[in-house]
Structure formats: C-alpha cells, structure tokens
Amino acid sequence: MKYPIILNNSPNYDERPHGAVVDKIIIHYTGMLTAEDALNKMCDNSPEAKALGRVSAHYMIDEEGKIFALVDERDRAWHAGLSFWQGQININDTSIGIELVNPGHEHGYKPFPRAQMHALAELGQSICKRNPIRPEFVLGHSDIAPGRKVDPGEKFGWRFLARKGVGYWPEAESEDYARAQFYLSSPTALRYALLKFGYNPDVDINVIARSFNMHYGLTDSEEISLETAASLSWLCRKMLKD
C-alpha cells in the first residue's frame, strides 16, 4: 500500500459472534481536537474509561494519510454503539470501523484532506477484497445511528470514495426523477423508500431524511431535494438489481 500502516494495538475489543460475516464498512470522524487525543481515547483501558464506556475502531487515518491499525479485522471493535441497518442491530458484530481524524461539528468541522481521503480509498479497496462488502453497505455512523450521530458529516467525500470503487454514488436517470416527484408528494412513499434502503423505522422521518442528506445530498438539511430523492430511487433500484 502507498500509505503507511502503523500498528497501534488497542485493548478495546472482543470476539465477533460465532458465524458473523463482515459485510459493512462504517466511517466515522474522531470529533476530537488532535489525532493524539483520539488515539489515546481508543486505546484507553483505564478504570475511568471502563466506567464511561470504552471505544475503539479497526483503523484510524490521520490528516496526512497515516493509517493506524488498532484492532484486527477478525475481532469486534467498539465503534458503532446502538445501531441499525436493514433489520440488523449491533452493527459492531459485522462491520469494520474506520475513524478519520477531524475535529467534527463540535470543534470546528472541516473538509477531509486529500491525503486522508486517498488513504481511506486505498484501505477501503483492500478491505473490500478481503470481505464480501456490497457497495450500499459502505456507510456513515449517521446512517446506522441517525439523530444520535452525525459523522462523518456533510463535508465527507462520498462521491470521491465511490469513484475509487468503495461504496455507491448514485447516477440518477429519468425514471428516478419521476419517482422522486412521487416521493416528494407523498411522505408515506418517501418514508417507505428510506426504510427499504435500510434506515431504522423507529426513528423520526425528519431525522432519517437529514442523515440521508448528509450522505447523498451533502447537506445537513432535513428537506430532501428532487435531486437527492432521485438518488434514493436509484439506490433502491440498484439494490433490487443486485
């Protein structure tokens, strides 16, 4: 790999359930001021950390593209928390978590640097070769925990990542725009499509819409545009074909 991988073992992991198949990549941001702070937190096994709830991820990528390997992919890292996707809970069981160093919305959210994104693409390609990960299962923390989490946020380069072969970026066609108009005229139809795609039915539709927007609309609005609704149509059609 072009970008260096630095072994920095975290004690915060356990075994995956017997028979669990790794079929998802979950992308996060660290939401902390420095990479060192984030690394320390994900490797913290102190009594205080145990009391608050220990966290980790399989990988962390800093702003210069250095990749820190924290938990073996065969093991379960603790990155997703309470989560849901396409009927499955406990997404930690079947996912690989990647943390990107970024201060996040609370500390001065900013775009993800080019080197960091290229390192992520290279790592993602490698992970997808080793595991049966479908493109629609490359997700953000905000997708599997809408409302509770907003990372990696609206500035994350999902389109870039998909063009590198990791995940989907919709290319809506005329039939999708017709269906998008139907979605926008019918809250019931829009909700059905979002839940069909994978979101948690127990979450308010406006919260889900915001999460979908942050991934496919590159905005944190709760209002879904015609273009983004067409993307939803494309994604649902793609799932049926595949």
# chains A, B, ... in the order shown; residues from 1 in each chain; ligands from 1

$ select_by_dssp --residues "stretch 18-233 of chain A" --states "strand (DSSP E or B)" --output "MDAnalysis selection string"
chainID A and resid 24:29 59:61 67:69 75:77 84:85 88:89 95:100 138:140 146 149

$ write_last_selection --atoms "N, CA and C atoms" --output "PDB file, in the first residue's frame"
ATOM      1  N   LYS A  24     -19.801  -4.931   6.193  1.00  0.00           N
ATOM      2  CA  LYS A  24     -20.021  -3.484   6.223  1.00  0.00           C
ATOM      3  C   LYS A  24     -18.731  -2.748   6.580  1.00  0.00           C
ATOM      4  N   ILE A  25     -18.589  -1.565   6.030  1.00  0.00           N
ATOM      5  CA  ILE A  25     -17.584  -0.598   6.475  1.00  0.00           C
ATOM      6  C   ILE A  25     -18.348   0.595   7.034  1.00  0.00           C
ATOM      7  N   ILE A  26     -18.003   1.000   8.251  1.00  0.00           N
ATOM      8  CA  ILE A  26     -18.640   2.157   8.873  1.00  0.00           C
ATOM      9  C   ILE A  26     -17.578   3.243   9.037  1.00  0.00           C
ATOM     10  N   ILE A  27     -17.874   4.426   8.486  1.00  0.00           N
ATOM     11  CA  ILE A  27     -16.919   5.526   8.506  1.00  0.00           C
ATOM     12  C   ILE A  27     -17.356   6.557   9.548  1.00  0.00           C
ATOM     13  N   HIS A  28     -16.389   6.976  10.355  1.00  0.00           N
ATOM     14  CA  HIS A  28     -16.611   7.927  11.433  1.00  0.00           C
ATOM     15  C   HIS A  28     -15.629   9.089  11.304  1.00  0.00           C
ATOM     16  N   TYR A  29     -15.884  10.163  12.039  1.00  0.00           N
ATOM     17  CA  TYR A  29     -14.808  11.090  12.341  1.00  0.00           C
ATOM     18  C   TYR A  29     -14.535  11.030  13.839  1.00  0.00           C
ATOM     19  N   TYR A  59      -9.427   0.886  12.435  1.00  0.00           N
ATOM     20  CA  TYR A  59      -8.400   1.764  11.868  1.00  0.00           C
ATOM     21  C   TYR A  59      -8.701   3.217  12.201  1.00  0.00           C
ATOM     22  N   MET A  60      -7.646   4.006  12.255  1.00  0.00           N
ATOM     23  CA  MET A  60      -7.765   5.458  12.303  1.00  0.00           C
ATOM     24  C   MET A  60      -6.816   6.031  11.265  1.00  0.00           C
ATOM     25  N   ILE A  61      -7.288   7.033  10.523  1.00  0.00           N
ATOM     26  CA  ILE A  61      -6.464   7.662   9.489  1.00  0.00           C
ATOM     27  C   ILE A  61      -6.300   9.130   9.841  1.00  0.00           C
ATOM     28  N   ILE A  67      -2.160   5.559   8.418  1.00  0.00           N
ATOM     29  CA  ILE A  67      -3.209   4.635   8.855  1.00  0.00           C
ATOM     30  C   ILE A  67      -2.733   3.910  10.107  1.00  0.00           C
ATOM     31  N   PHE A  68      -3.510   4.008  11.170  1.00  0.00           N
ATOM     32  CA  PHE A  68      -3.194   3.320  12.418  1.00  0.00           C
ATOM     33  C   PHE A  68      -4.104   2.096  12.524  1.00  0.00           C
ATOM     34  N   ALA A  69      -3.494   0.916  12.610  1.00  0.00           N
ATOM     35  CA  ALA A  69      -4.249  -0.325  12.771  1.00  0.00           C
ATOM     36  C   ALA A  69      -4.397  -0.601  14.261  1.00  0.00           C
ATOM     37  N   ASP A  75     -11.554  -9.399  14.777  1.00  0.00           N
ATOM     38  CA  ASP A  75     -12.168  -9.114  16.069  1.00  0.00           C
ATOM     39  C   ASP A  75     -13.203  -7.996  15.952  1.00  0.00           C
ATOM     40  N   ARG A  76     -13.973  -7.829  17.015  1.00  0.00           N
ATOM     41  CA  ARG A  76     -15.018  -6.816  17.055  1.00  0.00           C
ATOM     42  C   ARG A  76     -14.508  -5.572  17.787  1.00  0.00           C
ATOM     43  N   ALA A  77     -14.420  -4.480  17.058  1.00  0.00           N
ATOM     44  CA  ALA A  77     -14.096  -3.188  17.672  1.00  0.00           C
ATOM     45  C   ALA A  77     -15.391  -2.544  18.152  1.00  0.00           C
ATOM     46  N   PHE A  84     -28.442   0.281  13.741  1.00  0.00           N
ATOM     47  CA  PHE A  84     -29.425  -0.490  12.967  1.00  0.00           C
ATOM     48  C   PHE A  84     -29.155  -0.279  11.487  1.00  0.00           C
ATOM     49  N   TRP A  85     -29.229  -1.362  10.731  1.00  0.00           N
ATOM     50  CA  TRP A  85     -29.225  -1.231   9.269  1.00  0.00           C
ATOM     51  C   TRP A  85     -29.868  -2.461   8.649  1.00  0.00           C
ATOM     52  N   GLN A  88     -30.863  -5.283  10.898  1.00  0.00           N
ATOM     53  CA  GLN A  88     -29.836  -5.799  11.807  1.00  0.00           C
ATOM     54  C   GLN A  88     -29.491  -4.757  12.864  1.00  0.00           C
ATOM     55  N   ILE A  89     -29.366  -5.210  14.111  1.00  0.00           N
ATOM     56  CA  ILE A  89     -28.874  -4.360  15.184  1.00  0.00           C
ATOM     57  C   ILE A  89     -27.455  -4.799  15.536  1.00  0.00           C
ATOM     58  N   SER A  95     -19.125  -5.435  11.128  1.00  0.00           N
ATOM     59  CA  SER A  95     -18.572  -4.279  10.419  1.00  0.00           C
ATOM     60  C   SER A  95     -17.116  -4.030  10.772  1.00  0.00           C
ATOM     61  N   ILE A  96     -16.487  -3.258   9.919  1.00  0.00           N
ATOM     62  CA  ILE A  96     -15.148  -2.722  10.174  1.00  0.00           C
ATOM     63  C   ILE A  96     -15.293  -1.220  10.321  1.00  0.00           C
ATOM     64  N   GLY A  97     -14.813  -0.687  11.432  1.00  0.00           N
ATOM     65  CA  GLY A  97     -14.925   0.726  11.712  1.00  0.00           C
ATOM     66  C   GLY A  97     -13.657   1.480  11.390  1.00  0.00           C
ATOM     67  N   ILE A  98     -13.805   2.588  10.678  1.00  0.00           N
ATOM     68  CA  ILE A  98     -12.670   3.438  10.309  1.00  0.00           C
ATOM     69  C   ILE A  98     -12.928   4.849  10.819  1.00  0.00           C
ATOM     70  N   GLU A  99     -12.030   5.339  11.649  1.00  0.00           N
ATOM     71  CA  GLU A  99     -12.115   6.697  12.194  1.00  0.00           C
ATOM     72  C   GLU A  99     -11.200   7.622  11.395  1.00  0.00           C
ATOM     73  N   LEU A 100     -11.735   8.758  10.985  1.00  0.00           N
ATOM     74  CA  LEU A 100     -10.951   9.772  10.290  1.00  0.00           C
ATOM     75  C   LEU A 100     -10.704  10.937  11.244  1.00  0.00           C
ATOM     76  N   VAL A 138     -21.330   0.380   2.549  1.00  0.00           N
ATOM     77  CA  VAL A 138     -20.289   1.332   2.968  1.00  0.00           C
ATOM     78  C   VAL A 138     -21.039   2.537   3.489  1.00  0.00           C
ATOM     79  N   LEU A 139     -21.053   2.704   4.804  1.00  0.00           N
ATOM     80  CA  LEU A 139     -21.986   3.602   5.467  1.00  0.00           C
ATOM     81  C   LEU A 139     -21.285   4.562   6.408  1.00  0.00           C
ATOM     82  N   GLY A 140     -21.993   5.620   6.751  1.00  0.00           N
ATOM     83  CA  GLY A 140     -21.523   6.525   7.783  1.00  0.00           C
ATOM     84  C   GLY A 140     -22.152   6.182   9.121  1.00  0.00           C
ATOM     85  N   PRO A 146     -28.943   7.351  13.122  1.00  0.00           N
ATOM     86  CA  PRO A 146     -29.415   8.700  12.781  1.00  0.00           C
ATOM     87  C   PRO A 146     -29.955   9.444  14.000  1.00  0.00           C
ATOM     88  N   LYS A 149     -25.908  10.239  15.989  1.00  0.00           N
ATOM     89  CA  LYS A 149     -24.598  10.535  15.430  1.00  0.00           C
ATOM     90  C   LYS A 149     -24.746  11.288  14.109  1.00  0.00           C
TER      91      LYS A 149
END

$ residues_around --residues "A:Met42" --least-positions-apart "2" --cutoff "9 Å" --atoms "only C-alpha atoms" --output "PyMOL selection string"
chain A and resi 10-12+37-40+44-45+54-57+70

$ atom_distance --atom1 "atom CA of A:Asp62" --atom2 "atom CA of A:Val101"
5.0 Å

$ select_by_dssp --residues "stretch 74-178 of chain A" --states "helix (DSSP H, G or I)" --output "PyMOL selection string"
chain A and resi 91-94+114-130+135-137+141-144+158-163+174-178

$ atom_distance --atom1 "atom CA of A:Ala180" --atom2 "atom CA of A:Leu226"
6.0 Å

$ closest_residue --among "A:Phe197, A:Tyr3, A:Tyr183, A:Trp169" --to "A:His215" --atoms "only C-alpha atoms"
A:Trp169

$ atom_distance --atom1 "atom CA of A:Ile208" --atom2 "atom CA of A:Lys238"
20.0 Å

$ decode --residues "stretch 42-80 of chain A" --atoms "N, CA and C atoms" --output "PDB file, in the first residue's frame"
ATOM      1  N   MET A  42      -9.091   5.798  22.055  1.00  0.00           N
ATOM      2  CA  MET A  42      -9.432   4.482  21.525  1.00  0.00           C
ATOM      3  C   MET A  42      -8.550   3.369  22.072  1.00  0.00           C
ATOM      4  N   CYS A  43      -7.501   3.742  22.767  1.00  0.00           N
ATOM      5  CA  CYS A  43      -6.624   2.743  23.388  1.00  0.00           C
ATOM      6  C   CYS A  43      -6.709   2.788  24.911  1.00  0.00           C
ATOM      7  N   ASP A  44      -7.628   3.568  25.441  1.00  0.00           N
ATOM      8  CA  ASP A  44      -7.742   3.775  26.886  1.00  0.00           C
ATOM      9  C   ASP A  44      -8.485   2.603  27.527  1.00  0.00           C
ATOM     10  N   ASN A  45      -7.809   1.919  28.413  1.00  0.00           N
ATOM     11  CA  ASN A  45      -8.387   0.765  29.103  1.00  0.00           C
ATOM     12  C   ASN A  45      -8.422   1.002  30.611  1.00  0.00           C
ATOM     13  N   SER A  46      -8.358   2.262  31.017  1.00  0.00           N
ATOM     14  CA  SER A  46      -8.296   2.606  32.434  1.00  0.00           C
ATOM     15  C   SER A  46      -9.646   2.356  33.114  1.00  0.00           C
ATOM     16  N   PRO A  47      -9.673   2.294  34.436  1.00  0.00           N
ATOM     17  CA  PRO A  47     -10.954   2.162  35.145  1.00  0.00           C
ATOM     18  C   PRO A  47     -11.937   3.266  34.788  1.00  0.00           C
ATOM     19  N   GLU A  48     -11.418   4.480  34.589  1.00  0.00           N
ATOM     20  CA  GLU A  48     -12.292   5.596  34.215  1.00  0.00           C
ATOM     21  C   GLU A  48     -12.939   5.354  32.857  1.00  0.00           C
ATOM     22  N   ALA A  49     -12.141   4.866  31.901  1.00  0.00           N
ATOM     23  CA  ALA A  49     -12.671   4.578  30.572  1.00  0.00           C
ATOM     24  C   ALA A  49     -13.701   3.447  30.628  1.00  0.00           C
ATOM     25  N   LYS A  50     -13.407   2.438  31.446  1.00  0.00           N
ATOM     26  CA  LYS A  50     -14.360   1.333  31.587  1.00  0.00           C
ATOM     27  C   LYS A  50     -15.685   1.823  32.144  1.00  0.00           C
ATOM     28  N   ALA A  51     -15.625   2.763  33.075  1.00  0.00           N
ATOM     29  CA  ALA A  51     -16.844   3.296  33.684  1.00  0.00           C
ATOM     30  C   ALA A  51     -17.673   4.097  32.681  1.00  0.00           C
ATOM     31  N   LEU A  52     -16.995   4.822  31.800  1.00  0.00           N
ATOM     32  CA  LEU A  52     -17.685   5.669  30.830  1.00  0.00           C
ATOM     33  C   LEU A  52     -18.097   4.911  29.573  1.00  0.00           C
ATOM     34  N   GLY A  53     -17.444   3.782  29.334  1.00  0.00           N
ATOM     35  CA  GLY A  53     -17.695   3.020  28.119  1.00  0.00           C
ATOM     36  C   GLY A  53     -16.529   3.138  27.159  1.00  0.00           C
ATOM     37  N   ARG A  54     -15.759   2.083  27.031  1.00  0.00           N
ATOM     38  CA  ARG A  54     -14.576   2.130  26.167  1.00  0.00           C
ATOM     39  C   ARG A  54     -14.975   2.101  24.689  1.00  0.00           C
ATOM     40  N   VAL A  55     -14.150   2.719  23.861  1.00  0.00           N
ATOM     41  CA  VAL A  55     -14.405   2.774  22.425  1.00  0.00           C
ATOM     42  C   VAL A  55     -13.138   2.395  21.665  1.00  0.00           C
ATOM     43  N   SER A  56     -13.325   2.020  20.417  1.00  0.00           N
ATOM     44  CA  SER A  56     -12.193   1.704  19.546  1.00  0.00           C
ATOM     45  C   SER A  56     -12.706   1.661  18.108  1.00  0.00           C
ATOM     46  N   ALA A  57     -11.797   1.430  17.200  1.00  0.00           N
ATOM     47  CA  ALA A  57     -12.127   1.183  15.800  1.00  0.00           C
ATOM     48  C   ALA A  57     -11.054   0.257  15.256  1.00  0.00           C
ATOM     49  N   HIS A  58     -11.291  -0.294  14.089  1.00  0.00           N
ATOM     50  CA  HIS A  58     -10.256  -1.139  13.495  1.00  0.00           C
ATOM     51  C   HIS A  58      -9.098  -0.305  12.968  1.00  0.00           C
ATOM     52  N   TYR A  59      -9.427   0.886  12.435  1.00  0.00           N
ATOM     53  CA  TYR A  59      -8.400   1.764  11.868  1.00  0.00           C
ATOM     54  C   TYR A  59      -8.701   3.217  12.201  1.00  0.00           C
ATOM     55  N   MET A  60      -7.646   4.006  12.255  1.00  0.00           N
ATOM     56  CA  MET A  60      -7.765   5.458  12.303  1.00  0.00           C
ATOM     57  C   MET A  60      -6.816   6.031  11.265  1.00  0.00           C
ATOM     58  N   ILE A  61      -7.288   7.033  10.523  1.00  0.00           N
ATOM     59  CA  ILE A  61      -6.464   7.662   9.489  1.00  0.00           C
ATOM     60  C   ILE A  61      -6.300   9.130   9.841  1.00  0.00           C
ATOM     61  N   ASP A  62      -5.041   9.583   9.925  1.00  0.00           N
ATOM     62  CA  ASP A  62      -4.824  10.992  10.267  1.00  0.00           C
ATOM     63  C   ASP A  62      -4.892  11.865   9.017  1.00  0.00           C
ATOM     64  N   GLU A  63      -4.719  13.154   9.208  1.00  0.00           N
ATOM     65  CA  GLU A  63      -4.912  14.093   8.101  1.00  0.00           C
ATOM     66  C   GLU A  63      -3.824  13.997   7.040  1.00  0.00           C
ATOM     67  N   GLU A  64      -2.697  13.387   7.371  1.00  0.00           N
ATOM     68  CA  GLU A  64      -1.617  13.214   6.407  1.00  0.00           C
ATOM     69  C   GLU A  64      -1.698  11.875   5.681  1.00  0.00           C
ATOM     70  N   GLY A  65      -2.677  11.062   6.034  1.00  0.00           N
ATOM     71  CA  GLY A  65      -2.849   9.777   5.365  1.00  0.00           C
ATOM     72  C   GLY A  65      -2.212   8.607   6.084  1.00  0.00           C
ATOM     73  N   LYS A  66      -1.656   8.810   7.259  1.00  0.00           N
ATOM     74  CA  LYS A  66      -1.120   7.682   8.027  1.00  0.00           C
ATOM     75  C   LYS A  66      -2.273   6.867   8.582  1.00  0.00           C
ATOM     76  N   ILE A  67      -2.160   5.559   8.418  1.00  0.00           N
ATOM     77  CA  ILE A  67      -3.209   4.635   8.855  1.00  0.00           C
ATOM     78  C   ILE A  67      -2.733   3.910  10.107  1.00  0.00           C
ATOM     79  N   PHE A  68      -3.510   4.008  11.170  1.00  0.00           N
ATOM     80  CA  PHE A  68      -3.194   3.320  12.418  1.00  0.00           C
ATOM     81  C   PHE A  68      -4.104   2.096  12.524  1.00  0.00           C
ATOM     82  N   ALA A  69      -3.494   0.916  12.610  1.00  0.00           N
ATOM     83  CA  ALA A  69      -4.249  -0.325  12.771  1.00  0.00           C
ATOM     84  C   ALA A  69      -4.397  -0.601  14.261  1.00  0.00           C
ATOM     85  N   LEU A  70      -5.631  -0.549  14.743  1.00  0.00           N
ATOM     86  CA  LEU A  70      -5.891  -0.638  16.184  1.00  0.00           C
ATOM     87  C   LEU A  70      -6.452  -1.988  16.614  1.00  0.00           C
ATOM     88  N   VAL A  71      -7.352  -2.552  15.819  1.00  0.00           N
ATOM     89  CA  VAL A  71      -7.993  -3.826  16.150  1.00  0.00           C
ATOM     90  C   VAL A  71      -7.970  -4.716  14.917  1.00  0.00           C
ATOM     91  N   ASP A  72      -7.601  -5.975  15.103  1.00  0.00           N
ATOM     92  CA  ASP A  72      -7.582  -6.925  13.993  1.00  0.00           C
ATOM     93  C   ASP A  72      -8.979  -7.045  13.387  1.00  0.00           C
ATOM     94  N   GLU A  73      -9.055  -7.119  12.072  1.00  0.00           N
ATOM     95  CA  GLU A  73     -10.349  -7.204  11.398  1.00  0.00           C
ATOM     96  C   GLU A  73     -11.155  -8.428  11.822  1.00  0.00           C
ATOM     97  N   ARG A  74     -10.480  -9.464  12.295  1.00  0.00           N
ATOM     98  CA  ARG A  74     -11.205 -10.662  12.729  1.00  0.00           C
ATOM     99  C   ARG A  74     -11.946 -10.438  14.038  1.00  0.00           C
ATOM    100  N   ASP A  75     -11.554  -9.399  14.777  1.00  0.00           N
ATOM    101  CA  ASP A  75     -12.168  -9.114  16.069  1.00  0.00           C
ATOM    102  C   ASP A  75     -13.203  -7.996  15.952  1.00  0.00           C
ATOM    103  N   ARG A  76     -13.973  -7.829  17.015  1.00  0.00           N
ATOM    104  CA  ARG A  76     -15.018  -6.816  17.055  1.00  0.00           C
ATOM    105  C   ARG A  76     -14.508  -5.572  17.787  1.00  0.00           C
ATOM    106  N   ALA A  77     -14.420  -4.480  17.058  1.00  0.00           N
ATOM    107  CA  ALA A  77     -14.096  -3.188  17.672  1.00  0.00           C
ATOM    108  C   ALA A  77     -15.391  -2.544  18.152  1.00  0.00           C
ATOM    109  N   TRP A  78     -15.261  -1.556  19.020  1.00  0.00           N
ATOM    110  CA  TRP A  78     -16.432  -0.932  19.656  1.00  0.00           C
ATOM    111  C   TRP A  78     -16.606   0.489  19.127  1.00  0.00           C
ATOM    112  N   HIS A  79     -17.191   0.600  17.967  1.00  0.00           N
ATOM    113  CA  HIS A  79     -17.290   1.898  17.283  1.00  0.00           C
ATOM    114  C   HIS A  79     -18.717   2.303  16.940  1.00  0.00           C
ATOM    115  N   ALA A  80     -19.614   1.355  16.764  1.00  0.00           N
ATOM    116  CA  ALA A  80     -20.945   1.670  16.250  1.00  0.00           C
ATOM    117  C   ALA A  80     -21.949   2.004  17.348  1.00  0.00           C
TER     118      ALA A  80
END
